[in-house]
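> Below is upload-v5.tsv; it holds TSV, C-alpha atoms.
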chain	number	residue	atom	x	y	z
A	3	MET	CA	-6.43	1.71	-9.58
A	4	SER	CA	-4.80	2.46	-6.28
A	5	ASP	CA	-4.43	0.74	-2.95
A	6	GLU	CA	-2.06	0.12	-0.06
A	7	ALA	CA	-0.83	-2.99	1.70
A	8	HIS	CA	1.28	-3.92	4.72
A	9	PHE	CA	4.40	-6.03	4.18
A	10	GLN	CA	6.01	-7.55	7.26
A	11	LEU	CA	9.53	-8.80	7.83
A	12	THR	CA	8.39	-11.86	9.79
A	13	GLY	CA	5.17	-13.53	10.88
A	14	LEU	CA	3.11	-12.35	13.82
A	15	LEU	CA	3.72	-13.62	17.32
A	16	ASN	CA	1.01	-13.60	19.98
A	17	LYS	CA	2.89	-13.75	23.30
A	18	HIS	CA	-0.36	-14.30	25.17
A	19	ASN	CA	-0.53	-17.93	23.99
A	20	CYS	CA	3.20	-18.72	24.18
A	21	ARG	CA	5.13	-20.42	26.96
A	22	TYR	CA	8.91	-20.35	27.30
A	23	TRP	CA	10.82	-23.25	28.81
A	24	SER	CA	14.37	-23.16	30.08
A	25	ASP	CA	16.33	-25.96	31.71
A	26	ARG	CA	18.60	-23.45	33.49
A	27	HIS	CA	16.29	-20.66	34.55
A	28	PRO	CA	12.65	-21.72	34.80
A	29	ARG	CA	11.45	-18.11	35.02
A	30	GLU	CA	13.54	-16.93	32.06
A	31	LEU	CA	11.49	-15.04	29.53
A	32	VAL	CA	12.55	-14.34	25.97
A	33	GLN	CA	10.74	-11.25	24.75
A	34	LYS	CA	9.73	-10.87	21.14
A	35	PRO	CA	7.60	-8.13	19.62
A	36	LEU	CA	3.91	-8.82	19.21
A	37	HIS	CA	3.99	-7.52	15.64
A	38	SER	CA	6.99	-7.70	13.37
A	39	SER	CA	8.36	-4.64	11.63
A	40	LYS	CA	6.45	-3.72	8.52
A	41	VAL	CA	6.12	-1.19	5.75
A	42	THR	CA	2.88	0.24	4.42
A	43	VAL	CA	3.09	0.61	0.64
A	44	TRP	CA	0.74	2.56	-1.67
A	45	CYS	CA	0.76	2.25	-5.47
A	46	VAL	CA	-1.22	3.16	-8.55
A	47	VAL	CA	-1.47	0.78	-11.47
A	48	ALA	CA	-2.65	2.36	-14.73
A	49	ALA	CA	-2.65	1.59	-18.42
A	50	PHE	CA	-0.08	4.32	-19.04
A	51	ALA	CA	2.18	4.10	-15.96
A	52	ASN	CA	2.71	2.71	-12.50
A	53	ILE	CA	3.01	5.31	-9.78
A	54	GLY	CA	4.72	4.38	-6.57
A	55	PRO	CA	5.65	3.00	-4.27
A	56	TYR	CA	4.83	5.50	-1.56
A	57	PHE	CA	5.60	4.42	2.01
A	58	PHE	CA	3.36	5.69	4.80
A	59	GLU	CA	5.74	6.49	7.67
A	60	ASP	CA	5.84	8.60	10.79
A	61	GLU	CA	8.57	11.15	11.57
A	62	HIS	CA	10.84	8.31	12.76
A	63	GLY	CA	10.55	6.28	9.55
A	64	ASN	CA	8.22	3.66	11.04
A	65	ALA	CA	5.12	2.37	9.27
A	66	CYS	CA	2.04	4.21	10.44
A	67	THR	CA	-1.71	4.16	10.09
A	68	VAL	CA	-3.08	5.70	6.90
A	69	THR	CA	-5.19	8.57	8.22
A	70	SER	CA	-7.15	11.01	6.08
A	71	GLU	CA	-4.54	13.71	6.74
A	72	ARG	CA	-1.66	11.43	5.75
A	73	TYR	CA	-3.53	10.25	2.67
A	74	ALA	CA	-4.29	13.84	1.60
A	75	HIS	CA	-0.64	14.78	2.20
A	76	MET	CA	0.47	11.86	0.00
A	77	LEU	CA	-1.97	12.92	-2.75
A	78	GLN	CA	-0.67	16.51	-2.71
A	79	ASP	CA	3.05	15.87	-2.32
A	80	PHE	CA	3.52	12.56	-4.14
A	81	PHE	CA	0.62	11.56	-6.39
A	82	ILE	CA	-0.19	14.88	-8.09
A	83	PRO	CA	3.46	15.66	-8.97
A	84	HIS	CA	3.79	12.16	-10.47
A	85	LEU	CA	0.66	12.71	-12.58
A	86	GLN	CA	2.22	15.70	-14.30
A	87	GLY	CA	3.75	14.66	-17.58
A	88	LEU	CA	1.62	11.52	-17.83
A	89	PRO	CA	-1.17	11.14	-20.39
A	90	VAL	CA	-3.95	11.92	-17.90
A	91	ASN	CA	-6.97	13.50	-19.56
A	92	LYS	CA	-10.73	13.93	-19.13
A	93	THR	CA	-11.32	10.25	-19.90
A	94	THR	CA	-8.94	8.96	-17.22
A	95	TYR	CA	-10.63	7.19	-14.32
A	96	PHE	CA	-9.23	6.89	-10.81
A	97	GLN	CA	-10.33	4.00	-8.60
A	98	GLN	CA	-9.82	3.66	-4.87
A	99	ASP	CA	-11.58	1.50	-2.31
A	100	GLY	CA	-13.95	2.77	0.35
A	101	ALA	CA	-11.43	3.08	3.16
A	102	THR	CA	-12.32	5.92	5.50
A	103	SER	CA	-9.03	7.73	4.88
A	104	HIS	CA	-9.65	7.56	1.11
A	105	THR	CA	-13.20	8.88	1.26
A	106	ALA	CA	-12.69	11.63	3.84
A	107	LYS	CA	-13.68	15.12	2.71
A	108	ILE	CA	-10.06	16.29	2.68
A	109	ALA	CA	-9.05	13.54	0.24
A	110	MET	CA	-12.16	13.74	-1.92
A	111	ASN	CA	-11.72	17.53	-2.28
A	112	ILE	CA	-8.30	16.84	-3.80
A	113	LEU	CA	-9.38	13.98	-6.08
A	114	ARG	CA	-12.70	15.28	-7.49
A	115	PRO	CA	-11.14	18.18	-9.46
A	116	LEU	CA	-8.38	15.88	-10.77
A	117	PHE	CA	-10.84	13.30	-12.11
A	118	PRO	CA	-14.12	15.17	-12.70
A	119	GLY	CA	-16.91	12.63	-13.13
A	120	HIS	CA	-14.36	9.80	-13.29
A	121	LEU	CA	-13.69	9.03	-9.64
A	122	ILE	CA	-14.62	5.47	-8.65
A	123	SER	CA	-14.93	5.49	-4.88
A	124	ARG	CA	-17.51	5.17	-2.15
A	125	CYS	CA	-18.08	8.95	-2.27
A	126	GLY	CA	-17.07	9.48	-5.89
A	127	LYS	CA	-19.19	10.17	-8.95
A	128	ILE	CA	-19.10	6.44	-9.70
A	129	GLY	CA	-19.94	4.66	-6.47
A	130	TRP	CA	-17.97	1.77	-5.06
A	131	PRO	CA	-20.27	-1.28	-5.07
A	132	ALA	CA	-21.70	-1.95	-1.61
A	133	ARG	CA	-20.20	-4.96	0.22
A	134	SER	CA	-17.91	-5.66	-2.69
A	135	PRO	CA	-14.40	-6.96	-2.24
A	136	ASP	CA	-11.55	-4.85	-3.51
A	137	LEU	CA	-11.90	-4.96	-7.26
A	138	SER	CA	-8.39	-3.77	-7.85
A	139	VAL	CA	-5.38	-5.02	-9.77
A	140	CYS	CA	-3.34	-4.18	-6.67
A	141	ASP	CA	-5.28	-6.70	-4.60
A	142	PHE	CA	-5.66	-9.56	-7.02
A	143	TYR	CA	-2.24	-9.30	-8.65
A	144	LEU	CA	0.29	-6.68	-7.54
A	145	TRP	CA	0.57	-7.42	-3.82
A	146	GLY	CA	0.78	-11.19	-4.32
A	147	TYR	CA	3.34	-10.76	-7.10
A	148	LEU	CA	5.50	-8.46	-4.94
A	149	LYS	CA	5.37	-10.89	-2.03
A	150	SER	CA	6.44	-13.75	-4.29
A	151	VAL	CA	9.45	-11.93	-5.80
A	152	VAL	CA	10.65	-10.03	-2.72
A	153	TYR	CA	10.63	-13.05	-0.42
A	154	CYS	CA	11.63	-15.69	-3.03
A	155	THR	CA	15.31	-15.78	-2.06
A	156	LEU	CA	16.51	-14.22	1.17
A	157	SER	CA	13.88	-12.45	3.24
A	158	PRO	CA	14.67	-8.80	3.96
A	159	ARG	CA	16.23	-8.30	7.40
A	160	THR	CA	15.34	-4.63	7.92
A	161	THR	CA	12.47	-2.38	6.89
A	162	GLN	CA	14.94	-0.31	4.83
A	163	GLU	CA	15.93	-3.43	2.89
A	164	LEU	CA	12.26	-4.34	2.48
A	165	LYS	CA	11.44	-0.88	1.12
A	166	LEU	CA	14.38	-1.00	-1.29
A	167	ARG	CA	13.31	-4.41	-2.60
A	168	LYS	CA	9.71	-3.16	-3.08
A	169	GLN	CA	10.95	-0.12	-5.00
A	170	GLU	CA	13.17	-2.25	-7.24
A	171	GLU	CA	10.46	-4.76	-8.04
A	172	ILE	CA	7.76	-2.16	-8.70
A	173	SER	CA	10.10	-0.32	-11.08
A	174	ARG	CA	10.67	-3.59	-12.97
A	175	ILE	CA	7.00	-4.21	-13.60
A	176	LEU	CA	6.13	-3.32	-17.14
A	177	VAL	CA	2.89	-1.52	-17.87
A	178	ASP	CA	2.23	-4.26	-20.46
A	179	VAL	CA	1.75	-6.74	-17.59
A	180	PHE	CA	-1.44	-4.93	-16.57
A	181	VAL	CA	-2.71	-3.87	-19.98
A	182	GLY	CA	-1.90	-6.94	-22.05
A	183	PRO	CA	-0.88	-7.13	-25.71
Please lay out the structure from this file as structure tokens.

Amino acid sequence: MSDEAHFQLTGLLNKHNCRYWSDRHPRELVQKPLHSSKVTVWCVVAAFANIGPYFFEDEHGNACTVTSERYAHMLQDFFIPHLQGLPVNKTTYFQQDGATSHTAKIAMNILRPLFPGHLISRCGKIGWPARSPDLSVCDFYLWGYLKSVVYCTLSPRTTQELKLRKQEEISRILVDVFVGP
């Protein structure tokens, strides 16, 4: 199972609905960003290994939108090399949600040969159920777990620190957590 999530340093601030008051300068304005800094993390959770995290970033190291080209690039340069040496065979299934970047032709052309007949996706051999929520371990366990352990003590102050904490925590997760005894 694979998926991505956005992790933010702080909460969102909508400046449109905020008013600033100052006893010295009534027109003083304190500017804050509309959206806090964030990282976009992608992972795979499998019975035999966890793959990731992969951080979707632009050329400046900032979190960016997951486009079909970026997703295909990640599959080619990150996911496929990590699959080598793992016990992936003809009975291994790969599940991804129906996000447009995941189901674009460029991405599906990479994934179909890797998991022939065993691709669970909106355009895969095994279709993603219509109007279904994400039926993924990432959504109902991994992301919530990571949020609870990364932010349990001191919140990260920079995106670099946030990425480092995500990497550390994902590497600590044992495969047994997802498979059971």
> Would you kindly return, as a list in words, each protein, DNA or RNA residue with an atom no farther than 8 Å from any atom of Arg72 of chain A, considering only C-alpha atoms and excluding same-chain residues fewer than 4 positions away?
Phe58, Val68 and Met76 of chain A
> Have a look at A:Phe96, A:Tyr143, A:Pro115, A:Arg159 and name the one nearest to Ile175 of chain A; count all atoms listed in the file.
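Distance minimum relative to Ile175 of chain A lands on A:Tyr143.
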> Near segment 53-57 of chain A, counting all atoms listed in the file, which residues have an atom at most 8 Å away, once you skip same-chain residues fewer than 4 positions from it, shown as a VMD selection string?
chain A and resid 41 to 47 65 76 80 to 81 84 165 168 to 169 172
> Between A:Cys140, A:Cys154, A:Met3, A:Cys66, which is the closest to Ser123 of chain A once you count all atoms listed in the file?
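For Ser123 of chain A, the nearest of the given residues is A:Met3.
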> What does the structure give for the distance between atom CA of Leu85 of chain A and atom CA of Gln10 of chain A, in Å to one decimal?
28.9 Å
> Which residues come within 9 Å of Thr69 of chain A, counting all atoms listed in the file, excluding same-chain residues fewer than 5 positions away, as a PyMOL selection string?
chain A and resi 74+102-104
> Show me the residues close to (-4.2, -5.6, -3.3) - anything with an atom within 7 Å, counting only C-alpha atoms - and format the list as a count of residues only.
11
> One number please: atom CA of Arg114 of chain A to atom CA of Ile82 of chain A, in Å, one decimal.
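Atom-to-atom, atom CA of Arg114 of chain A to atom CA of Ile82 of chain A, that is 12.5 Å.
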> So that I can see what lies close to Met110 of chain A, please list as a ChimeraX atom specification the residues with an atom at most 12 Å from it, counting only C-alpha atoms and leaving out residues fewer than 4 positions away in the same chain.
/A:70-71,73-74,77-78,96-98,100-106,114-118,121-127
> Quick one: distance from atom CA of Glu170 of chain A to atom CA of Asp99 of chain A in Å, one decimal?
25.5 Å
